[in-house]
Amino acid sequence: MATVAPSAASRIAVVTGASSGIGAATARQLARAGYRVVLTARRKDRIEALAEELNTAGHSAAAYQLDVTDRAAVDEFASAFRTIGVLVNNAGGALGADPVASGDPADWRTMYETNVIGTLNVTQALLPRLEASGDGVVVVVSSTAGHGTYEGGAGYVAAKHGAHVLAETLRLEIVGKPVRVVEIAPGMVKTEEFALTRFGGDADRAAKVYEGVAEPLTADDVAETIAWAVTRPSHVNVDLLVLRPRAQASNTKVHRES
């Protein structure tokens, strides 16, 4: 199926968490698809460098430093737009892998704030602009963790389940309006920062997540999937798309080569 070019009224795509990994890769994919991409993240230097890369390549990109958990800052950001066509809620992440009995409540709170409240903040602020475009798309990047629990993952699972439920409920609540709600739920994705952040910078522990797995998903794999879903014809909604590497059958069943 061919990619559908964005209409003039819906050419702006906002990507949260665009400083690295899936967010940065998604910004590149949407820029190539013809969108004017607005890159948001807390790390200003990273998104400014990416915006320069995209503009130099002949695309259109702008960087805006933003903490999605800061509602006042999100509202100020949203006020700069009259319409947008796409919102990719990618900001989030995991912290720790402790059991429920000893998990750090601060880590749980941070994961919930970034993965759920951050998504809520940006979606609420930009939803009127998405409607105004006449052809908007909200993308929530959740995780297979939001669809199946595993030991040591309860805090992240709870947060990503919250993101899943947010997307599912929003779709019900705005049916009939010119906005599609898409959930992309990746499984094992190897990026430069996800596992390293989760394990507090412990590179050895982070490497073990992917040990023996021949080909985990890449950020580009997920970004291509997001761009594909966004560029379907307006009447086609990809409610939920789960993608995993071939070596991963579930959150707890992974083939590792010896």
# chains A, B, ... in the order shown; residues from 1 in each chain; ligands from 1
$ select_by_dssp --residues "range 2-188 of chain A" --states "alpha helix (DSSP H)" --output "VMD selection string"
chain A and resid 21 to 32 44 to 56 71 to 78 105 to 112 118 to 133 154 to 173
$ select_by_dssp --residues "range 34-68 of chain A" --states "strand (DSSP E)" --output "list in words"
Arg36, Val37, Val38, Leu39, Thr40, Ala41, Ser60, Ala61, Ala62, Ala63, Tyr64 and Gln65 of chain A
$ write_last_selection --atoms "all heavy atoms" --output "short mmCIF file (atom, residue, chain, number, x, y, z; two decimals), in the first residue's frame"
data_model
loop_
_atom_site.label_atom_id
_atom_site.label_comp_id
_atom_site.auth_asym_id
_atom_site.auth_seq_id
_atom_site.Cartn_x
_atom_site.Cartn_y
_atom_site.Cartn_z
N ARG A 36 6.43 18.67 8.31
CA ARG A 36 7.25 19.63 9.05
C ARG A 36 7.29 19.11 10.48
O ARG A 36 6.28 19.09 11.18
CB ARG A 36 6.62 21.03 9.02
CG ARG A 36 6.58 21.66 7.65
CD ARG A 36 5.73 22.92 7.67
NE ARG A 36 6.09 23.81 8.78
CZ ARG A 36 5.26 24.69 9.34
NH1 ARG A 36 4.01 24.79 8.91
NH2 ARG A 36 5.68 25.47 10.31
N VAL A 37 8.43 18.67 10.94
CA VAL A 37 8.50 18.02 12.25
C VAL A 37 8.93 19.01 13.33
O VAL A 37 9.83 19.83 13.13
CB VAL A 37 9.44 16.79 12.25
CG1 VAL A 37 8.85 15.68 11.40
CG2 VAL A 37 10.83 17.14 11.75
N VAL A 38 8.25 18.93 14.46
CA VAL A 38 8.60 19.72 15.63
C VAL A 38 9.13 18.75 16.66
O VAL A 38 8.41 17.87 17.13
CB VAL A 38 7.39 20.49 16.18
CG1 VAL A 38 7.78 21.29 17.41
CG2 VAL A 38 6.80 21.41 15.11
N LEU A 39 10.41 18.89 16.99
CA LEU A 39 11.09 17.96 17.88
C LEU A 39 11.04 18.51 19.30
O LEU A 39 11.47 19.64 19.55
CB LEU A 39 12.55 17.80 17.46
CG LEU A 39 12.82 17.67 15.96
CD1 LEU A 39 14.30 17.79 15.68
CD2 LEU A 39 12.26 16.38 15.43
N THR A 40 10.54 17.72 20.23
CA THR A 40 10.52 18.15 21.62
C THR A 40 11.23 17.12 22.49
O THR A 40 11.16 15.92 22.24
CB THR A 40 9.09 18.36 22.16
OG1 THR A 40 8.49 17.08 22.44
CG2 THR A 40 8.23 19.13 21.19
N ALA A 41 11.92 17.62 23.50
CA ALA A 41 12.61 16.78 24.48
C ALA A 41 13.22 17.72 25.51
O ALA A 41 13.26 18.95 25.31
CB ALA A 41 13.70 15.93 23.84
N SER A 60 12.02 20.02 6.75
CA SER A 60 11.64 21.15 7.60
C SER A 60 11.49 20.67 9.03
O SER A 60 10.66 19.80 9.32
CB SER A 60 10.31 21.76 7.11
OG SER A 60 9.92 22.83 7.94
N ALA A 61 12.30 21.23 9.93
CA ALA A 61 12.28 20.78 11.32
C ALA A 61 12.57 21.94 12.25
O ALA A 61 13.32 22.87 11.92
CB ALA A 61 13.32 19.67 11.54
N ALA A 62 11.99 21.87 13.44
CA ALA A 62 12.24 22.87 14.48
C ALA A 62 12.37 22.14 15.81
O ALA A 62 11.74 21.10 16.03
CB ALA A 62 11.10 23.89 14.55
N ALA A 63 13.20 22.68 16.70
CA ALA A 63 13.43 22.08 18.01
C ALA A 63 12.79 22.95 19.09
O ALA A 63 12.89 24.18 19.04
CB ALA A 63 14.92 21.93 18.27
N TYR A 64 12.18 22.29 20.07
CA TYR A 64 11.54 23.01 21.18
C TYR A 64 11.80 22.23 22.46
O TYR A 64 11.31 21.11 22.62
CB TYR A 64 10.05 23.14 20.93
CG TYR A 64 9.34 24.11 21.86
CD1 TYR A 64 8.98 25.38 21.44
CD2 TYR A 64 9.04 23.74 23.17
CE1 TYR A 64 8.34 26.27 22.29
CE2 TYR A 64 8.41 24.62 24.03
CZ TYR A 64 8.06 25.88 23.58
OH TYR A 64 7.42 26.75 24.43
N GLN A 65 12.58 22.80 23.35
CA GLN A 65 12.87 22.13 24.62
C GLN A 65 11.60 22.03 25.45
O GLN A 65 10.92 23.03 25.67
CB GLN A 65 13.94 22.89 25.39
CG GLN A 65 14.41 22.18 26.66
CD GLN A 65 15.52 22.96 27.36
OE1 GLN A 65 15.59 24.17 27.26
NE2 GLN A 65 16.37 22.24 28.07
#
$ residues_around --residues "range 110-123 of chain A" --least-positions-apart "3" --cutoff "7 Å" --atoms "only C-alpha atoms" --output "CSV table (one decimal) with N, CA and C atoms, in the first residue's frame"
chain,number,residue,atom,x,y,z
A,68,VAL,N,7.5,17.1,29.2
A,68,VAL,CA,6.1,16.8,29.0
A,68,VAL,C,5.3,16.7,30.4
A,69,THR,N,6.0,16.6,31.5
A,69,THR,CA,5.4,16.5,32.8
A,69,THR,C,5.1,17.9,33.3
A,71,ARG,N,3.0,20.8,33.0
A,71,ARG,CA,1.7,21.2,32.2
A,71,ARG,C,1.8,22.6,31.8
A,74,VAL,N,3.8,22.8,28.7
A,74,VAL,CA,3.1,22.1,27.6
A,74,VAL,C,2.1,23.0,27.0
A,89,ASN,N,3.3,10.7,20.7
A,89,ASN,CA,3.6,10.6,22.1
A,89,ASN,C,4.6,9.5,22.4
A,91,ALA,N,7.7,10.2,24.4
A,91,ALA,CA,8.4,10.4,25.6
A,91,ALA,C,8.0,9.4,26.7
A,92,GLY,N,8.9,8.8,27.4
A,92,GLY,CA,8.6,7.9,28.4
A,92,GLY,C,9.9,7.1,28.8
A,93,GLY,N,9.7,5.9,29.2
A,93,GLY,CA,10.9,5.1,29.6
A,93,GLY,C,10.7,4.2,30.8
A,94,ALA,N,11.7,3.4,31.1
A,94,ALA,CA,11.6,2.5,32.2
A,94,ALA,C,12.7,2.8,33.2
A,95,LEU,N,12.5,2.6,34.5
A,95,LEU,CA,13.4,2.7,35.6
A,95,LEU,C,13.4,1.5,36.5
A,106,ALA,N,9.7,6.0,44.1
A,106,ALA,CA,10.1,7.2,43.3
A,106,ALA,C,10.2,6.8,41.8
A,107,ASP,N,10.8,5.7,41.6
A,107,ASP,CA,10.9,5.2,40.2
A,107,ASP,C,9.5,5.0,39.6
A,126,LEU,N,-2.9,19.5,22.7
A,126,LEU,CA,-2.9,19.6,21.2
A,126,LEU,C,-4.1,19.0,20.5
A,127,LEU,N,-5.0,18.4,21.3
A,127,LEU,CA,-6.2,17.8,20.7
A,127,LEU,C,-7.0,18.8,19.9
A,156,TYR,N,6.9,-0.5,35.3
A,156,TYR,CA,6.9,-0.1,33.9
A,156,TYR,C,5.7,-0.7,33.2
A,159,ALA,N,2.7,1.5,34.1
A,159,ALA,CA,2.8,2.8,33.4
A,159,ALA,C,2.4,2.6,31.9
A,160,LYS,N,2.9,1.6,31.3
A,160,LYS,CA,2.6,1.4,29.9
A,160,LYS,C,1.2,0.9,29.7
A,162,GLY,N,-1.2,2.0,31.5
A,162,GLY,CA,-1.9,3.3,31.6
A,162,GLY,C,-1.9,4.0,30.3
A,163,ALA,N,-0.8,4.0,29.6
A,163,ALA,CA,-0.7,4.6,28.2
A,163,ALA,C,-1.6,3.9,27.3
$ closest_atom_pairs --of "range 16-70 of chain A" --to "range 223-241 of chain A" --cutoff "12 Å" --atoms "only C-alpha atoms" --output "Markdown table"
| residue | atom | partner | partner_atom | distance |
| --- | --- | --- | --- | --- |
| A:Ala18 | CA | A:Ala223 | CA | 11.4 |
| A:Ser20 | CA | A:Ala223 | CA | 11.8 |
| A:Gly21 | CA | A:Ala223 | CA | 9.3 |
| A:Ile22 | CA | A:Ala223 | CA | 6.1 |
| A:Gly23 | CA | A:Ala223 | CA | 7.7 |
| A:Ala24 | CA | A:Ala223 | CA | 8.6 |
| A:Ala25 | CA | A:Ala223 | CA | 5.6 |
| A:Thr26 | CA | A:Ala223 | CA | 4.4 |
| A:Ala27 | CA | A:Ala223 | CA | 8.1 |
| A:Arg28 | CA | A:Ala223 | CA | 8.4 |
| A:Gln29 | CA | A:Ala227 | CA | 6.3 |
| A:Leu30 | CA | A:Ala227 | CA | 6.0 |
| A:Ala31 | CA | A:Ala227 | CA | 9.7 |
| A:Arg32 | CA | A:Ala227 | CA | 9.6 |
| A:Ala33 | CA | A:Ala227 | CA | 7.7 |
| A:Gly34 | CA | A:Thr231 | CA | 10.2 |
| A:Tyr35 | CA | A:Ala227 | CA | 10.4 |
$ write_last_selection --atoms "all heavy atoms" --output "compact mmCIF listing (two decimals), in the first residue's frame"
# COMPACT_ATOMS: atom_id res chain seq x y z
N ALA A 18 12.14 13.28 21.34
CA ALA A 18 12.79 13.16 20.03
C ALA A 18 14.31 13.27 20.09
O ALA A 18 14.96 13.35 19.06
CB ALA A 18 12.24 14.23 19.08
N SER A 20 16.54 11.05 21.04
CA SER A 20 17.29 9.83 20.74
C SER A 20 16.32 8.70 20.42
O SER A 20 15.10 8.87 20.49
CB SER A 20 18.17 9.43 21.94
OG SER A 20 17.37 9.04 23.04
N GLY A 21 16.87 7.56 20.08
CA GLY A 21 16.09 6.33 19.94
C GLY A 21 14.91 6.43 19.00
O GLY A 21 15.01 6.99 17.90
N ILE A 22 13.78 5.87 19.44
CA ILE A 22 12.59 5.80 18.60
C ILE A 22 12.09 7.19 18.23
O ILE A 22 11.65 7.43 17.10
CB ILE A 22 11.48 5.01 19.33
CG1 ILE A 22 11.89 3.54 19.47
CG2 ILE A 22 10.15 5.12 18.59
CD1 ILE A 22 10.98 2.71 20.36
N GLY A 23 12.16 8.15 19.15
CA GLY A 23 11.68 9.49 18.86
C GLY A 23 12.46 10.15 17.75
O GLY A 23 11.88 10.73 16.81
N ALA A 24 13.79 10.09 17.83
CA ALA A 24 14.62 10.69 16.78
C ALA A 24 14.41 9.99 15.45
O ALA A 24 14.30 10.64 14.40
CB ALA A 24 16.09 10.63 17.19
N ALA A 25 14.33 8.67 15.46
CA ALA A 25 14.12 7.92 14.23
C ALA A 25 12.76 8.23 13.62
O ALA A 25 12.63 8.33 12.39
CB ALA A 25 14.25 6.42 14.51
N THR A 26 11.74 8.41 14.45
CA THR A 26 10.41 8.75 13.96
C THR A 26 10.40 10.13 13.32
O THR A 26 9.77 10.35 12.28
CB THR A 26 9.39 8.69 15.11
OG1 THR A 26 9.34 7.35 15.61
CG2 THR A 26 8.00 9.09 14.64
N ALA A 27 11.10 11.07 13.94
CA ALA A 27 11.19 12.42 13.35
C ALA A 27 11.81 12.35 11.96
O ALA A 27 11.34 13.01 11.02
CB ALA A 27 12.01 13.32 14.26
N ARG A 28 12.84 11.55 11.80
CA ARG A 28 13.48 11.42 10.49
C ARG A 28 12.51 10.81 9.46
O ARG A 28 12.42 11.26 8.32
CB ARG A 28 14.74 10.55 10.59
CG ARG A 28 15.88 11.20 11.37
CD ARG A 28 17.15 10.34 11.32
NE ARG A 28 18.25 10.98 12.04
CZ ARG A 28 18.63 10.66 13.28
NH1 ARG A 28 17.99 9.69 13.94
NH2 ARG A 28 19.63 11.29 13.86
N GLN A 29 11.79 9.77 9.89
CA GLN A 29 10.86 9.11 8.97
C GLN A 29 9.72 10.05 8.55
O GLN A 29 9.35 10.10 7.37
CB GLN A 29 10.27 7.86 9.63
CG GLN A 29 11.24 6.70 9.74
CD GLN A 29 11.55 6.06 8.40
OE1 GLN A 29 10.78 6.15 7.46
NE2 GLN A 29 12.71 5.43 8.32
N LEU A 30 9.17 10.80 9.49
CA LEU A 30 8.06 11.70 9.16
C LEU A 30 8.54 12.88 8.32
O LEU A 30 7.82 13.36 7.44
CB LEU A 30 7.39 12.20 10.45
CG LEU A 30 6.64 11.12 11.24
CD1 LEU A 30 6.04 11.72 12.52
CD2 LEU A 30 5.54 10.48 10.40
N ALA A 31 9.77 13.33 8.56
CA ALA A 31 10.32 14.40 7.71
C ALA A 31 10.44 13.90 6.28
O ALA A 31 10.09 14.62 5.33
CB ALA A 31 11.68 14.83 8.26
N ARG A 32 10.92 12.68 6.11
CA ARG A 32 11.04 12.12 4.76
C ARG A 32 9.67 11.94 4.10
O ARG A 32 9.56 11.96 2.87
CB ARG A 32 11.77 10.78 4.81
CG ARG A 32 13.24 10.89 5.20
CD ARG A 32 13.90 9.53 5.29
NE ARG A 32 15.20 9.62 5.95
CZ ARG A 32 15.59 8.82 6.93
NH1 ARG A 32 14.80 7.84 7.36
NH2 ARG A 32 16.78 8.97 7.48
N ALA A 33 8.64 11.75 4.92
CA ALA A 33 7.29 11.56 4.39
C ALA A 33 6.62 12.89 4.05
O ALA A 33 5.48 12.91 3.58
CB ALA A 33 6.43 10.80 5.40
N GLY A 34 7.31 14.00 4.30
CA GLY A 34 6.77 15.29 3.90
C GLY A 34 6.22 16.16 5.01
O GLY A 34 5.66 17.22 4.74
N TYR A 35 6.39 15.73 6.25
CA TYR A 35 5.89 16.53 7.38
C TYR A 35 6.92 17.56 7.82
O TYR A 35 8.13 17.33 7.72
CB TYR A 35 5.56 15.62 8.57
CG TYR A 35 4.31 14.81 8.37
CD1 TYR A 35 4.40 13.52 7.84
CD2 TYR A 35 3.06 15.31 8.70
CE1 TYR A 35 3.25 12.76 7.64
CE2 TYR A 35 1.91 14.56 8.51
CZ TYR A 35 2.01 13.29 7.98
OH TYR A 35 0.89 12.55 7.78
$ atom_distance --atom1 "CA of Pro99 in chain A" --atom2 "CA of Ala154 in chain A"
7.3 Å
$ closest_residue --among "A:Ile184, A:Ala97, A:Val165, A:Val137" --to "Val209 in chain A" --atoms "only C-alpha atoms"
A:Ala97
$ residues_around --residues "Arg129 in chain A" --least-positions-apart "6" --cutoff "7 Å" --atoms "only C-alpha atoms" --output "ChimeraX atom specification"
/A:82-84
$ residues_around --residues "Val189 in chain A" --least-positions-apart "2" --cutoff "7 Å" --atoms "only C-alpha atoms" --output "ChimeraX atom specification"
/A:187,191,216-219
$ atom_distance --atom1 "CA of Arg43 in chain A" --atom2 "CA of Val141 in chain A"
19.6 Å
$ residues_around --residues "Arg171 in chain A" --least-positions-apart "3" --cutoff "6 Å" --atoms "only C-alpha atoms" --output "number ranges by chain"
A: 168, 174, 181
$ atom_distance --atom1 "CA of Ala185 in chain A" --atom2 "CA of Asn90 in chain A"
10.9 Å
$ decode --residues "range 110-140 of chain A" --atoms "N, CA and C atoms" --output "mmCIF file, in the first residue's frame"
data_model
loop_
_atom_site.group_PDB
_atom_site.id
_atom_site.type_symbol
_atom_site.label_atom_id
_atom_site.label_comp_id
_atom_site.auth_asym_id
_atom_site.auth_seq_id
_atom_site.Cartn_x
_atom_site.Cartn_y
_atom_site.Cartn_z
ATOM 1 N N THR A 110 7.960 8.355 38.774
ATOM 2 C CA THR A 110 8.566 8.967 37.595
ATOM 3 C C THR A 110 8.077 8.308 36.313
ATOM 4 N N MET A 111 8.006 6.980 36.315
ATOM 5 C CA MET A 111 7.514 6.279 35.120
ATOM 6 C C MET A 111 6.073 6.632 34.817
ATOM 7 N N TYR A 112 5.251 6.737 35.848
ATOM 8 C CA TYR A 112 3.848 7.089 35.616
ATOM 9 C C TYR A 112 3.730 8.524 35.108
ATOM 10 N N GLU A 113 4.508 9.425 35.698
ATOM 11 C CA GLU A 113 4.462 10.826 35.283
ATOM 12 C C GLU A 113 4.880 10.996 33.821
ATOM 13 N N THR A 114 5.932 10.320 33.402
ATOM 14 C CA THR A 114 6.410 10.504 32.031
ATOM 15 C C THR A 114 5.564 9.742 31.017
ATOM 16 N N ASN A 115 5.277 8.480 31.293
ATOM 17 C CA ASN A 115 4.574 7.648 30.316
ATOM 18 C C ASN A 115 3.078 7.934 30.224
ATOM 19 N N VAL A 116 2.468 8.328 31.335
ATOM 20 C CA VAL A 116 1.013 8.514 31.345
ATOM 21 C C VAL A 116 0.627 9.995 31.445
ATOM 22 N N ILE A 117 1.047 10.661 32.503
ATOM 23 C CA ILE A 117 0.658 12.056 32.674
ATOM 24 C C ILE A 117 1.267 12.927 31.583
ATOM 25 N N GLY A 118 2.507 12.639 31.199
ATOM 26 C CA GLY A 118 3.114 13.383 30.097
ATOM 27 C C GLY A 118 2.320 13.224 28.812
ATOM 28 N N THR A 119 1.922 11.999 28.508
ATOM 29 C CA THR A 119 1.092 11.748 27.322
ATOM 30 C C THR A 119 -0.246 12.462 27.437
ATOM 31 N N LEU A 120 -0.834 12.421 28.612
ATOM 32 C CA LEU A 120 -2.106 13.113 28.841
ATOM 33 C C LEU A 120 -1.947 14.618 28.629
ATOM 34 N N ASN A 121 -0.902 15.198 29.206
ATOM 35 C CA ASN A 121 -0.690 16.641 29.097
ATOM 36 C C ASN A 121 -0.613 17.094 27.643
ATOM 37 N N VAL A 122 0.239 16.438 26.870
ATOM 38 C CA VAL A 122 0.455 16.872 25.495
ATOM 39 C C VAL A 122 -0.777 16.596 24.637
ATOM 40 N N THR A 123 -1.413 15.451 24.852
ATOM 41 C CA THR A 123 -2.606 15.118 24.079
ATOM 42 C C THR A 123 -3.730 16.109 24.361
ATOM 43 N N GLN A 124 -3.978 16.415 25.624
ATOM 44 C CA GLN A 124 -5.024 17.381 25.950
ATOM 45 C C GLN A 124 -4.736 18.743 25.332
ATOM 46 N N ALA A 125 -3.487 19.180 25.427
ATOM 47 C CA ALA A 125 -3.133 20.514 24.943
ATOM 48 C C ALA A 125 -3.244 20.633 23.426
ATOM 49 N N LEU A 126 -2.918 19.548 22.697
ATOM 50 C CA LEU A 126 -2.878 19.621 21.238
ATOM 51 C C LEU A 126 -4.109 19.043 20.547
ATOM 52 N N LEU A 127 -4.984 18.386 21.290
ATOM 53 C CA LEU A 127 -6.159 17.774 20.664
ATOM 54 C C LEU A 127 -7.014 18.779 19.886
ATOM 55 N N PRO A 128 -7.278 19.982 20.421
ATOM 56 C CA PRO A 128 -8.055 20.949 19.625
ATOM 57 C C PRO A 128 -7.355 21.316 18.319
ATOM 58 N N ARG A 129 -6.033 21.362 18.325
ATOM 59 C CA ARG A 129 -5.283 21.681 17.100
ATOM 60 C C ARG A 129 -5.327 20.531 16.108
ATOM 61 N N LEU A 130 -5.331 19.305 16.620
ATOM 62 C CA LEU A 130 -5.464 18.140 15.750
ATOM 63 C C LEU A 130 -6.839 18.110 15.094
ATOM 64 N N GLU A 131 -7.879 18.411 15.862
ATOM 65 C CA GLU A 131 -9.233 18.482 15.301
ATOM 66 C C GLU A 131 -9.326 19.574 14.251
ATOM 67 N N ALA A 132 -8.703 20.714 14.539
ATOM 68 C CA ALA A 132 -8.779 21.853 13.630
ATOM 69 C C ALA A 132 -8.141 21.565 12.280
ATOM 70 N N SER A 133 -7.209 20.625 12.244
ATOM 71 C CA SER A 133 -6.567 20.278 10.974
ATOM 72 C C SER A 133 -7.523 19.566 10.030
ATOM 73 N N GLY A 134 -8.567 18.962 10.603
ATOM 74 C CA GLY A 134 -9.515 18.202 9.793
ATOM 75 C C GLY A 134 -9.062 16.799 9.472
ATOM 76 N N ASP A 135 -7.855 16.452 9.898
ATOM 77 C CA ASP A 135 -7.319 15.121 9.585
ATOM 78 C C ASP A 135 -6.151 14.829 10.522
ATOM 79 N N GLY A 136 -6.419 14.756 11.817
ATOM 80 C CA GLY A 136 -5.359 14.589 12.801
ATOM 81 C C GLY A 136 -5.097 13.137 13.168
ATOM 82 N N VAL A 137 -3.910 12.898 13.704
ATOM 83 C CA VAL A 137 -3.533 11.558 14.185
ATOM 84 C C VAL A 137 -2.808 11.699 15.521
ATOM 85 N N VAL A 138 -3.295 10.994 16.530
ATOM 86 C CA VAL A 138 -2.592 10.870 17.805
ATOM 87 C C VAL A 138 -1.957 9.492 17.839
ATOM 88 N N VAL A 139 -0.661 9.448 18.025
ATOM 89 C CA VAL A 139 0.045 8.176 18.173
ATOM 90 C C VAL A 139 0.528 8.060 19.613
ATOM 91 N N VAL A 140 0.233 6.944 20.238
ATOM 92 C CA VAL A 140 0.759 6.638 21.566
ATOM 93 C C VAL A 140 1.726 5.470 21.413
#
